[in-house]
$ cat final_3.cif   # mmCIF, N, CA and C atoms and all ligand atoms
data_work
loop_
_atom_site.label_atom_id
_atom_site.label_comp_id
_atom_site.auth_asym_id
_atom_site.auth_seq_id
_atom_site.Cartn_x
_atom_site.Cartn_y
_atom_site.Cartn_z
N MET J 1 74.40 1.79 -4.08
CA MET J 1 74.58 0.73 -3.11
C MET J 1 73.72 1.00 -1.86
N THR J 2 73.02 -0.01 -1.41
CA THR J 2 72.16 0.16 -0.24
C THR J 2 73.00 0.33 1.01
N ARG J 3 72.59 1.30 1.84
CA ARG J 3 73.29 1.54 3.09
C ARG J 3 72.28 1.67 4.23
N LEU J 4 72.73 1.37 5.43
CA LEU J 4 71.91 1.56 6.62
C LEU J 4 72.47 2.76 7.38
N SER J 5 71.59 3.42 8.14
CA SER J 5 72.07 4.59 8.89
C SER J 5 73.20 4.21 9.83
N SER J 6 73.14 2.99 10.40
CA SER J 6 74.18 2.57 11.34
C SER J 6 75.53 2.39 10.66
N GLN J 7 75.54 2.26 9.34
CA GLN J 7 76.82 2.10 8.65
C GLN J 7 77.61 3.40 8.64
N ALA J 8 76.94 4.47 9.06
CA ALA J 8 77.65 5.74 9.17
C ALA J 8 78.59 5.74 10.37
N PHE J 9 78.38 4.81 11.31
CA PHE J 9 79.28 4.72 12.46
C PHE J 9 80.62 4.17 12.01
N GLY J 10 81.67 4.78 12.49
CA GLY J 10 83.00 4.26 12.18
C GLY J 10 83.35 3.12 13.12
N LEU J 11 84.43 2.46 12.79
CA LEU J 11 84.88 1.33 13.60
C LEU J 11 85.14 1.70 15.07
N PRO J 12 85.78 2.86 15.35
CA PRO J 12 86.01 3.20 16.76
C PRO J 12 84.71 3.31 17.56
N ARG J 13 83.68 3.87 16.94
CA ARG J 13 82.39 4.01 17.64
C ARG J 13 81.76 2.63 17.88
N LEU J 14 81.82 1.78 16.87
CA LEU J 14 81.26 0.43 17.04
C LEU J 14 82.03 -0.33 18.12
N ARG J 15 83.34 -0.12 18.14
CA ARG J 15 84.15 -0.79 19.16
C ARG J 15 83.78 -0.28 20.56
N SER J 16 83.47 1.01 20.65
CA SER J 16 83.10 1.55 21.96
C SER J 16 81.74 0.98 22.40
N PHE J 17 80.83 0.77 21.47
CA PHE J 17 79.56 0.12 21.82
C PHE J 17 79.85 -1.28 22.37
N HIS J 18 80.70 -1.99 21.66
CA HIS J 18 81.03 -3.37 22.07
C HIS J 18 81.67 -3.39 23.46
N ASN J 19 82.59 -2.47 23.68
CA ASN J 19 83.27 -2.43 24.98
C ASN J 19 82.29 -2.14 26.11
N TRP J 20 81.36 -1.23 25.86
CA TRP J 20 80.39 -0.88 26.89
C TRP J 20 79.47 -2.08 27.17
N ILE J 21 79.11 -2.81 26.14
CA ILE J 21 78.29 -4.02 26.33
C ILE J 21 79.05 -5.04 27.18
N MET J 22 80.34 -5.20 26.86
CA MET J 22 81.14 -6.16 27.64
C MET J 22 81.25 -5.73 29.09
N GLU J 23 81.26 -4.42 29.31
CA GLU J 23 81.41 -3.91 30.68
C GLU J 23 80.08 -3.91 31.44
N ALA J 24 79.01 -3.51 30.78
CA ALA J 24 77.77 -3.24 31.52
C ALA J 24 76.60 -4.14 31.13
N GLY J 25 76.75 -4.95 30.08
CA GLY J 25 75.62 -5.76 29.63
C GLY J 25 75.23 -6.84 30.63
N LEU J 26 73.95 -7.03 30.81
CA LEU J 26 73.48 -8.08 31.71
C LEU J 26 73.84 -9.46 31.17
N CYS J 27 73.90 -9.56 29.85
CA CYS J 27 74.20 -10.87 29.24
C CYS J 27 75.69 -11.20 29.27
N THR J 28 76.52 -10.24 29.59
CA THR J 28 77.96 -10.50 29.61
C THR J 28 78.51 -10.59 31.03
N ARG J 29 77.64 -10.43 32.01
CA ARG J 29 78.17 -10.50 33.39
C ARG J 29 78.47 -11.96 33.74
N PRO J 30 79.35 -12.15 34.70
CA PRO J 30 79.70 -13.52 35.07
C PRO J 30 78.46 -14.30 35.51
N GLY J 31 78.35 -15.51 35.03
CA GLY J 31 77.23 -16.36 35.42
C GLY J 31 76.03 -16.28 34.49
N ALA J 32 76.00 -15.28 33.61
CA ALA J 32 74.87 -15.19 32.68
C ALA J 32 74.94 -16.35 31.68
N ASP J 33 73.80 -16.89 31.35
CA ASP J 33 73.75 -18.03 30.43
C ASP J 33 73.44 -17.53 29.02
N PRO J 34 74.41 -17.59 28.11
CA PRO J 34 74.19 -17.06 26.75
C PRO J 34 73.02 -17.71 26.03
N ALA J 35 72.71 -18.96 26.40
CA ALA J 35 71.61 -19.67 25.73
C ALA J 35 70.27 -18.98 25.98
N GLN J 36 70.18 -18.23 27.07
CA GLN J 36 68.92 -17.52 27.33
C GLN J 36 68.68 -16.44 26.28
N TRP J 37 69.76 -15.81 25.82
CA TRP J 37 69.63 -14.74 24.83
C TRP J 37 69.64 -15.29 23.41
N SER J 38 70.11 -16.51 23.29
CA SER J 38 70.22 -17.07 21.95
C SER J 38 69.65 -18.48 21.92
N PRO J 39 68.33 -18.59 22.04
CA PRO J 39 67.73 -19.93 22.05
C PRO J 39 68.00 -20.65 20.74
N GLU J 40 68.15 -21.97 20.85
CA GLU J 40 68.46 -22.76 19.66
C GLU J 40 67.35 -22.65 18.60
N LYS J 41 66.12 -22.69 19.10
CA LYS J 41 64.99 -22.69 18.16
C LYS J 41 64.13 -21.45 18.43
N GLU J 42 63.77 -20.78 17.38
CA GLU J 42 62.91 -19.61 17.53
C GLU J 42 61.52 -19.93 16.98
N PRO J 43 60.48 -19.29 17.55
CA PRO J 43 59.13 -19.60 17.09
C PRO J 43 58.91 -19.23 15.64
N GLY J 44 58.12 -20.03 14.97
CA GLY J 44 57.81 -19.77 13.57
C GLY J 44 56.93 -18.54 13.40
N ARG J 45 56.80 -18.14 12.17
CA ARG J 45 56.06 -16.93 11.82
C ARG J 45 54.61 -16.94 12.33
N ASN J 46 54.00 -18.12 12.38
CA ASN J 46 52.59 -18.18 12.77
C ASN J 46 52.35 -18.63 14.21
N ALA J 47 53.42 -18.83 14.95
CA ALA J 47 53.28 -19.26 16.35
C ALA J 47 53.12 -18.03 17.23
N GLU J 48 51.95 -17.43 17.16
CA GLU J 48 51.72 -16.12 17.79
C GLU J 48 51.96 -16.12 19.30
N ARG J 49 51.42 -17.13 19.99
CA ARG J 49 51.58 -17.14 21.46
C ARG J 49 53.04 -17.35 21.86
N GLN J 50 53.73 -18.23 21.13
CA GLN J 50 55.16 -18.45 21.43
C GLN J 50 55.95 -17.17 21.16
N ARG J 51 55.56 -16.49 20.12
CA ARG J 51 56.26 -15.22 19.81
C ARG J 51 56.03 -14.18 20.90
N GLN J 52 54.81 -14.15 21.42
CA GLN J 52 54.53 -13.20 22.50
C GLN J 52 55.35 -13.55 23.74
N ARG J 53 55.45 -14.85 24.06
CA ARG J 53 56.26 -15.27 25.22
C ARG J 53 57.72 -14.89 25.00
N TYR J 54 58.19 -15.12 23.78
CA TYR J 54 59.59 -14.80 23.44
C TYR J 54 59.84 -13.30 23.62
N GLU J 55 58.89 -12.49 23.15
CA GLU J 55 59.05 -11.04 23.27
C GLU J 55 59.06 -10.60 24.73
N ARG J 56 58.21 -11.23 25.56
CA ARG J 56 58.20 -10.89 26.99
C ARG J 56 59.53 -11.30 27.63
N ALA J 57 60.03 -12.49 27.23
CA ALA J 57 61.32 -12.95 27.78
C ALA J 57 62.44 -11.99 27.37
N ALA J 58 62.38 -11.51 26.14
CA ALA J 58 63.41 -10.56 25.67
C ALA J 58 63.38 -9.29 26.50
N ALA J 59 62.18 -8.78 26.73
CA ALA J 59 62.05 -7.55 27.52
C ALA J 59 62.52 -7.78 28.95
N ASP J 60 62.20 -8.95 29.51
CA ASP J 60 62.62 -9.25 30.89
C ASP J 60 64.13 -9.42 30.99
N LEU J 61 64.70 -10.18 30.05
CA LEU J 61 66.15 -10.45 30.11
C LEU J 61 66.98 -9.17 30.01
N CYS J 62 66.55 -8.26 29.16
CA CYS J 62 67.34 -7.05 28.91
C CYS J 62 66.83 -5.85 29.71
N GLY J 63 65.73 -6.04 30.43
CA GLY J 63 65.18 -4.94 31.20
C GLY J 63 66.20 -4.41 32.20
N GLY J 64 66.42 -3.14 32.19
CA GLY J 64 67.35 -2.52 33.13
C GLY J 64 68.80 -2.60 32.71
N CYS J 65 69.07 -3.16 31.54
CA CYS J 65 70.47 -3.24 31.08
C CYS J 65 70.96 -1.84 30.71
N ARG J 66 72.07 -1.45 31.28
CA ARG J 66 72.60 -0.10 31.03
C ARG J 66 73.18 0.04 29.63
N ALA J 67 73.42 -1.08 28.97
CA ALA J 67 74.05 -1.02 27.64
C ALA J 67 73.02 -1.14 26.51
N ILE J 68 71.75 -1.01 26.83
CA ILE J 68 70.73 -1.33 25.82
C ILE J 68 70.82 -0.43 24.57
N SER J 69 71.11 0.83 24.73
CA SER J 69 71.18 1.72 23.55
C SER J 69 72.34 1.32 22.65
N SER J 70 73.49 1.11 23.26
CA SER J 70 74.66 0.69 22.48
C SER J 70 74.39 -0.66 21.83
N CYS J 71 73.72 -1.53 22.57
CA CYS J 71 73.43 -2.87 22.07
C CYS J 71 72.56 -2.80 20.82
N ARG J 72 71.55 -1.96 20.86
CA ARG J 72 70.66 -1.85 19.68
C ARG J 72 71.40 -1.27 18.48
N LEU J 73 72.24 -0.28 18.72
CA LEU J 73 72.98 0.31 17.60
C LEU J 73 73.98 -0.68 17.01
N LEU J 74 74.67 -1.40 17.90
CA LEU J 74 75.64 -2.38 17.41
C LEU J 74 74.92 -3.52 16.68
N ALA J 75 73.79 -3.95 17.21
CA ALA J 75 73.02 -5.01 16.56
C ALA J 75 72.60 -4.57 15.16
N GLU J 76 72.14 -3.34 15.04
CA GLU J 76 71.71 -2.87 13.72
C GLU J 76 72.88 -2.86 12.74
N ALA J 77 74.02 -2.41 13.21
CA ALA J 77 75.20 -2.35 12.33
C ALA J 77 75.63 -3.76 11.92
N GLU J 78 75.76 -4.65 12.90
CA GLU J 78 76.26 -6.00 12.59
C GLU J 78 75.24 -6.80 11.79
N GLU J 79 74.00 -6.76 12.25
CA GLU J 79 72.97 -7.57 11.59
C GLU J 79 72.60 -7.00 10.22
N GLY J 80 72.66 -5.68 10.11
CA GLY J 80 72.39 -5.06 8.81
C GLY J 80 73.41 -5.51 7.78
N GLN J 81 74.65 -5.56 8.21
CA GLN J 81 75.72 -5.98 7.29
C GLN J 81 75.53 -7.45 6.88
N LEU J 82 75.20 -8.29 7.87
CA LEU J 82 74.99 -9.71 7.56
C LEU J 82 73.80 -9.90 6.61
N LEU J 83 72.77 -9.09 6.83
CA LEU J 83 71.57 -9.21 5.99
C LEU J 83 71.86 -8.73 4.56
N LEU J 84 72.52 -7.58 4.48
CA LEU J 84 72.79 -7.01 3.15
C LEU J 84 73.79 -7.84 2.36
N GLU J 85 74.83 -8.30 3.05
CA GLU J 85 75.91 -8.97 2.31
C GLU J 85 75.68 -10.46 2.11
N HIS J 86 74.97 -11.08 3.06
CA HIS J 86 74.82 -12.54 2.98
C HIS J 86 73.38 -13.02 3.04
N GLY J 87 72.46 -12.12 3.31
CA GLY J 87 71.05 -12.51 3.41
C GLY J 87 70.71 -13.21 4.72
N TYR J 88 71.61 -13.11 5.74
CA TYR J 88 71.34 -13.76 7.03
C TYR J 88 70.44 -12.87 7.88
N PRO J 89 69.31 -13.39 8.32
CA PRO J 89 68.43 -12.59 9.19
C PRO J 89 68.96 -12.59 10.62
N PRO J 90 68.51 -11.63 11.44
CA PRO J 90 68.93 -11.61 12.85
C PRO J 90 68.51 -12.88 13.58
N HIS J 91 69.24 -13.18 14.64
CA HIS J 91 68.95 -14.36 15.46
C HIS J 91 69.10 -13.98 16.93
N GLY J 92 68.24 -14.54 17.76
CA GLY J 92 68.37 -14.35 19.21
C GLY J 92 67.88 -12.99 19.69
N ILE J 93 68.06 -12.80 20.98
CA ILE J 93 67.60 -11.58 21.64
C ILE J 93 68.76 -10.59 21.73
N ARG J 94 68.51 -9.38 21.28
CA ARG J 94 69.50 -8.30 21.43
C ARG J 94 68.74 -7.01 21.72
N GLY J 95 69.25 -6.25 22.64
CA GLY J 95 68.62 -4.96 22.93
C GLY J 95 67.18 -5.08 23.40
N GLY J 96 66.85 -6.19 24.03
CA GLY J 96 65.49 -6.38 24.54
C GLY J 96 64.48 -6.72 23.46
N GLU J 97 64.96 -7.06 22.28
CA GLU J 97 64.04 -7.29 21.16
C GLU J 97 64.22 -8.69 20.55
N ALA J 98 63.11 -9.18 20.04
CA ALA J 98 63.12 -10.44 19.30
C ALA J 98 63.72 -10.19 17.91
N PRO J 99 64.24 -11.24 17.29
CA PRO J 99 64.89 -11.05 15.99
C PRO J 99 63.95 -10.53 14.90
N TRP J 100 62.67 -10.92 14.96
CA TRP J 100 61.77 -10.48 13.90
C TRP J 100 61.49 -8.97 14.01
N ALA J 101 61.53 -8.43 15.23
CA ALA J 101 61.34 -6.98 15.39
C ALA J 101 62.52 -6.24 14.77
N ARG J 102 63.72 -6.77 15.00
CA ARG J 102 64.91 -6.11 14.43
C ARG J 102 64.92 -6.27 12.91
N LEU J 103 64.49 -7.44 12.42
CA LEU J 103 64.47 -7.65 10.97
C LEU J 103 63.50 -6.67 10.29
N GLU J 104 62.37 -6.45 10.94
CA GLU J 104 61.38 -5.52 10.38
C GLU J 104 61.99 -4.12 10.27
N ARG J 105 62.69 -3.71 11.34
CA ARG J 105 63.30 -2.37 11.32
C ARG J 105 64.42 -2.30 10.28
N LEU J 106 65.20 -3.36 10.18
CA LEU J 106 66.28 -3.36 9.18
C LEU J 106 65.71 -3.27 7.77
N ASN J 107 64.66 -4.03 7.52
CA ASN J 107 64.05 -3.98 6.18
C ASN J 107 63.50 -2.59 5.88
N ALA J 108 62.89 -1.97 6.90
CA ALA J 108 62.36 -0.62 6.70
C ALA J 108 63.51 0.35 6.44
N SER J 109 64.59 0.18 7.15
CA SER J 109 65.75 1.06 7.00
C SER J 109 66.38 0.88 5.61
N ILE J 110 66.43 -0.36 5.15
CA ILE J 110 66.99 -0.63 3.83
C ILE J 110 66.09 -0.03 2.75
N THR J 111 64.79 -0.19 2.89
CA THR J 111 63.85 0.38 1.92
C THR J 111 63.97 1.90 1.89
N ALA J 112 64.05 2.52 3.08
CA ALA J 112 64.17 3.98 3.15
C ALA J 112 65.47 4.43 2.49
N GLY J 113 66.54 3.67 2.73
CA GLY J 113 67.84 4.01 2.12
C GLY J 113 67.78 3.92 0.60
N ASP J 114 67.09 2.89 0.11
CA ASP J 114 66.96 2.73 -1.34
C ASP J 114 66.18 3.90 -1.94
N MET J 115 65.13 4.31 -1.23
CA MET J 115 64.32 5.43 -1.75
C MET J 115 65.14 6.72 -1.78
N GLU J 116 65.95 6.94 -0.72
CA GLU J 116 66.80 8.13 -0.71
C GLU J 116 67.78 8.11 -1.87
N GLU J 117 68.34 6.93 -2.15
CA GLU J 117 69.31 6.82 -3.25
C GLU J 117 68.63 7.09 -4.59
N GLU J 118 67.41 6.59 -4.74
CA GLU J 118 66.69 6.84 -5.99
C GLU J 118 66.40 8.31 -6.18
N GLU J 119 66.02 8.97 -5.08
CA GLU J 119 65.72 10.41 -5.16
C GLU J 119 66.97 11.22 -5.49
N ALA J 120 68.11 10.76 -4.94
CA ALA J 120 69.36 11.49 -5.17
C ALA J 120 69.92 11.27 -6.57
N ALA J 121 69.51 10.15 -7.20
CA ALA J 121 70.06 9.81 -8.52
C ALA J 121 69.51 10.71 -9.63
S1 LIG J 201 70.41 -5.12 26.04
FE1 LIG J 201 70.25 -7.34 26.37
S2 LIG J 201 71.44 -8.29 24.73
FE2 LIG J 201 72.04 -6.13 24.87
S3 LIG J 201 73.82 -6.05 26.23
FE3 LIG J 201 72.01 -5.72 27.48
S4 LIG J 201 71.39 -7.73 28.22
FE4 LIG J 201 72.81 -8.04 26.51
#
$ encode --input "final_3.cif" --output "structure tokens" --more "lines below"
Ligand code: SF4
Amino acid sequence: MTRLSSQAFGLPRLRSFHNWIMEAGLCTRPGADPAQWSPEKEPGRNAERQRQRYERAAADLCGGCRAISSCRLLAEAEEGQLLLEHGYPPHGIRGGEAPWARLERLNASITAGDMEEEEAA
């Protein structure tokens, strides 16, 4: 069975990431507009300039967020599970990153996990 490294985190650890994001995340502070982190429409694969703007916006929105490390780990765990179990790709900005950057890392992580399993078999 394919596994991601983040799946090694237990529920209490994932909950602590979530709690820290709720406490310290820039996107969870009062007055923050969730739509900024989760735009309705994301640029297509070939819209290079729009993708670059999106990536700059992601870095700006999350720049200086004290919860960024927890956010990236929680995103990998949650999005990895959605991808593996349902085929849903990441959406929106998390951890200062665009969804396609996280998808690339998840796919690499899944491939690496598969190779480890094959070697162990
Ligand atoms: S890194 Fe970005 S998405 Fe994650 S908690 Fe901070 S502001 Fe929110």
$ closest_residue --input "final_3.cif" --among "J:Gln81, J:Ser38, J:Thr28, J:Ser16" --to "Arg94 of chain J" --atoms "all atoms listed in the file"
J:Ser38
$ residues_near_ligand --input "final_3.cif" --ligand "ligand LIG 201 (chain J)" --cutoff "7 Å" --atoms "all atoms listed in the file" --output "MDAnalysis selection string"
chainID J and resid 20:22 24:28 37 61:72 93:97
$ select_by_dssp --input "final_3.cif" --residues "segment 34-118 of chain J" --states "alpha helix (DSSP H)" --output "ChimeraX atom specification"
/J:34-37,48-62,68-86,99-118
$ closest_residue --input "final_3.cif" --among "J:Ala35, J:Ala120, J:Ala98, J:Ala108" --to "Arg56 of chain J" --atoms "only N, CA and C atoms"
J:Ala98
$ atom_distance --input "final_3.cif" --atom1 "atom C of Pro12 of chain J" --atom2 "atom N of Glu78 of chain J"
12.9 Å
$ atom_distance --input "final_3.cif" --atom1 "atom N of Glu79 of chain J" --atom2 "atom CA of Pro99 of chain J"
10.7 Å
$ residues_around --input "final_3.cif" --residues "Leu106 of chain J" --least-positions-apart "5" --cutoff "9 Å" --atoms "only C-alpha atoms" --output "ChimeraX atom specification"
/J:4,76,79-80,83,101,111
$ atom_distance --input "final_3.cif" --atom1 "atom C of Glu116 of chain J" --atom2 "atom N of Arg102 of chain J"
22.9 Å
$ residues_around --input "final_3.cif" --residues "Leu14 of chain J" --least-positions-apart "6" --cutoff "9 Å" --atoms "only C-alpha atoms" --output "ChimeraX atom specification"
/J:70,73-74,77
$ build_atoms --input "final_3.cif" --residues "segment 32-54 of chain J" --atoms "N, CA, C and O atoms" --output "compact mmCIF listing (two decimals), keeping the file's coordinate frame"
# COMPACT_ATOMS: atom_id res chain seq x y z
N ALA J 32 76.00 -15.28 33.61
CA ALA J 32 74.87 -15.19 32.68
C ALA J 32 74.94 -16.35 31.68
O ALA J 32 76.02 -16.72 31.24
N ASP J 33 73.80 -16.89 31.35
CA ASP J 33 73.75 -18.03 30.43
C ASP J 33 73.44 -17.53 29.02
O ASP J 33 72.32 -17.10 28.74
N PRO J 34 74.41 -17.59 28.11
CA PRO J 34 74.19 -17.06 26.75
C PRO J 34 73.02 -17.71 26.03
O PRO J 34 72.38 -17.10 25.19
N ALA J 35 72.71 -18.96 26.40
CA ALA J 35 71.61 -19.67 25.73
C ALA J 35 70.27 -18.98 25.98
O ALA J 35 69.34 -19.11 25.19
N GLN J 36 70.18 -18.23 27.07
CA GLN J 36 68.92 -17.52 27.33
C GLN J 36 68.68 -16.44 26.28
O GLN J 36 67.57 -16.15 25.92
N TRP J 37 69.76 -15.81 25.82
CA TRP J 37 69.63 -14.74 24.83
C TRP J 37 69.64 -15.29 23.41
O TRP J 37 69.27 -14.60 22.48
N SER J 38 70.11 -16.51 23.29
CA SER J 38 70.22 -17.07 21.95
C SER J 38 69.65 -18.48 21.92
O SER J 38 70.39 -19.46 21.81
N PRO J 39 68.33 -18.59 22.04
CA PRO J 39 67.73 -19.93 22.05
C PRO J 39 68.00 -20.65 20.74
O PRO J 39 68.10 -20.02 19.69
N GLU J 40 68.15 -21.97 20.85
CA GLU J 40 68.46 -22.76 19.66
C GLU J 40 67.35 -22.65 18.60
O GLU J 40 67.60 -22.50 17.43
N LYS J 41 66.12 -22.69 19.10
CA LYS J 41 64.99 -22.69 18.16
C LYS J 41 64.13 -21.45 18.43
O LYS J 41 63.80 -21.17 19.58
N GLU J 42 63.77 -20.78 17.38
CA GLU J 42 62.91 -19.61 17.53
C GLU J 42 61.52 -19.93 16.98
O GLU J 42 61.39 -20.73 16.06
N PRO J 43 60.48 -19.29 17.55
CA PRO J 43 59.13 -19.60 17.09
C PRO J 43 58.91 -19.23 15.64
O PRO J 43 59.47 -18.24 15.15
N GLY J 44 58.12 -20.03 14.97
CA GLY J 44 57.81 -19.77 13.57
C GLY J 44 56.93 -18.54 13.40
O GLY J 44 56.39 -18.00 14.37
N ARG J 45 56.80 -18.14 12.17
CA ARG J 45 56.06 -16.93 11.82
C ARG J 45 54.61 -16.94 12.33
O ARG J 45 54.07 -15.92 12.71
N ASN J 46 54.00 -18.12 12.38
CA ASN J 46 52.59 -18.18 12.77
C ASN J 46 52.35 -18.63 14.21
O ASN J 46 51.22 -18.79 14.62
N ALA J 47 53.42 -18.83 14.95
CA ALA J 47 53.28 -19.26 16.35
C ALA J 47 53.12 -18.03 17.23
O ALA J 47 54.04 -17.63 17.97
N GLU J 48 51.95 -17.43 17.16
CA GLU J 48 51.72 -16.12 17.79
C GLU J 48 51.96 -16.12 19.30
O GLU J 48 52.63 -15.24 19.83
N ARG J 49 51.42 -17.13 19.99
CA ARG J 49 51.58 -17.14 21.46
C ARG J 49 53.04 -17.35 21.86
O ARG J 49 53.53 -16.73 22.80
N GLN J 50 53.73 -18.23 21.13
CA GLN J 50 55.16 -18.45 21.43
C GLN J 50 55.95 -17.17 21.16
O GLN J 50 56.88 -16.84 21.88
N ARG J 51 55.56 -16.49 20.12
CA ARG J 51 56.26 -15.22 19.81
C ARG J 51 56.03 -14.18 20.90
O ARG J 51 56.94 -13.46 21.28
N GLN J 52 54.81 -14.15 21.42
CA GLN J 52 54.53 -13.20 22.50
C GLN J 52 55.35 -13.55 23.74
O GLN J 52 55.89 -12.66 24.41
N ARG J 53 55.45 -14.85 24.06
CA ARG J 53 56.26 -15.27 25.22
C ARG J 53 57.72 -14.89 25.00
O ARG J 53 58.40 -14.44 25.90
N TYR J 54 58.19 -15.12 23.78
CA TYR J 54 59.59 -14.80 23.44
C TYR J 54 59.84 -13.30 23.62
O TYR J 54 60.85 -12.89 24.18
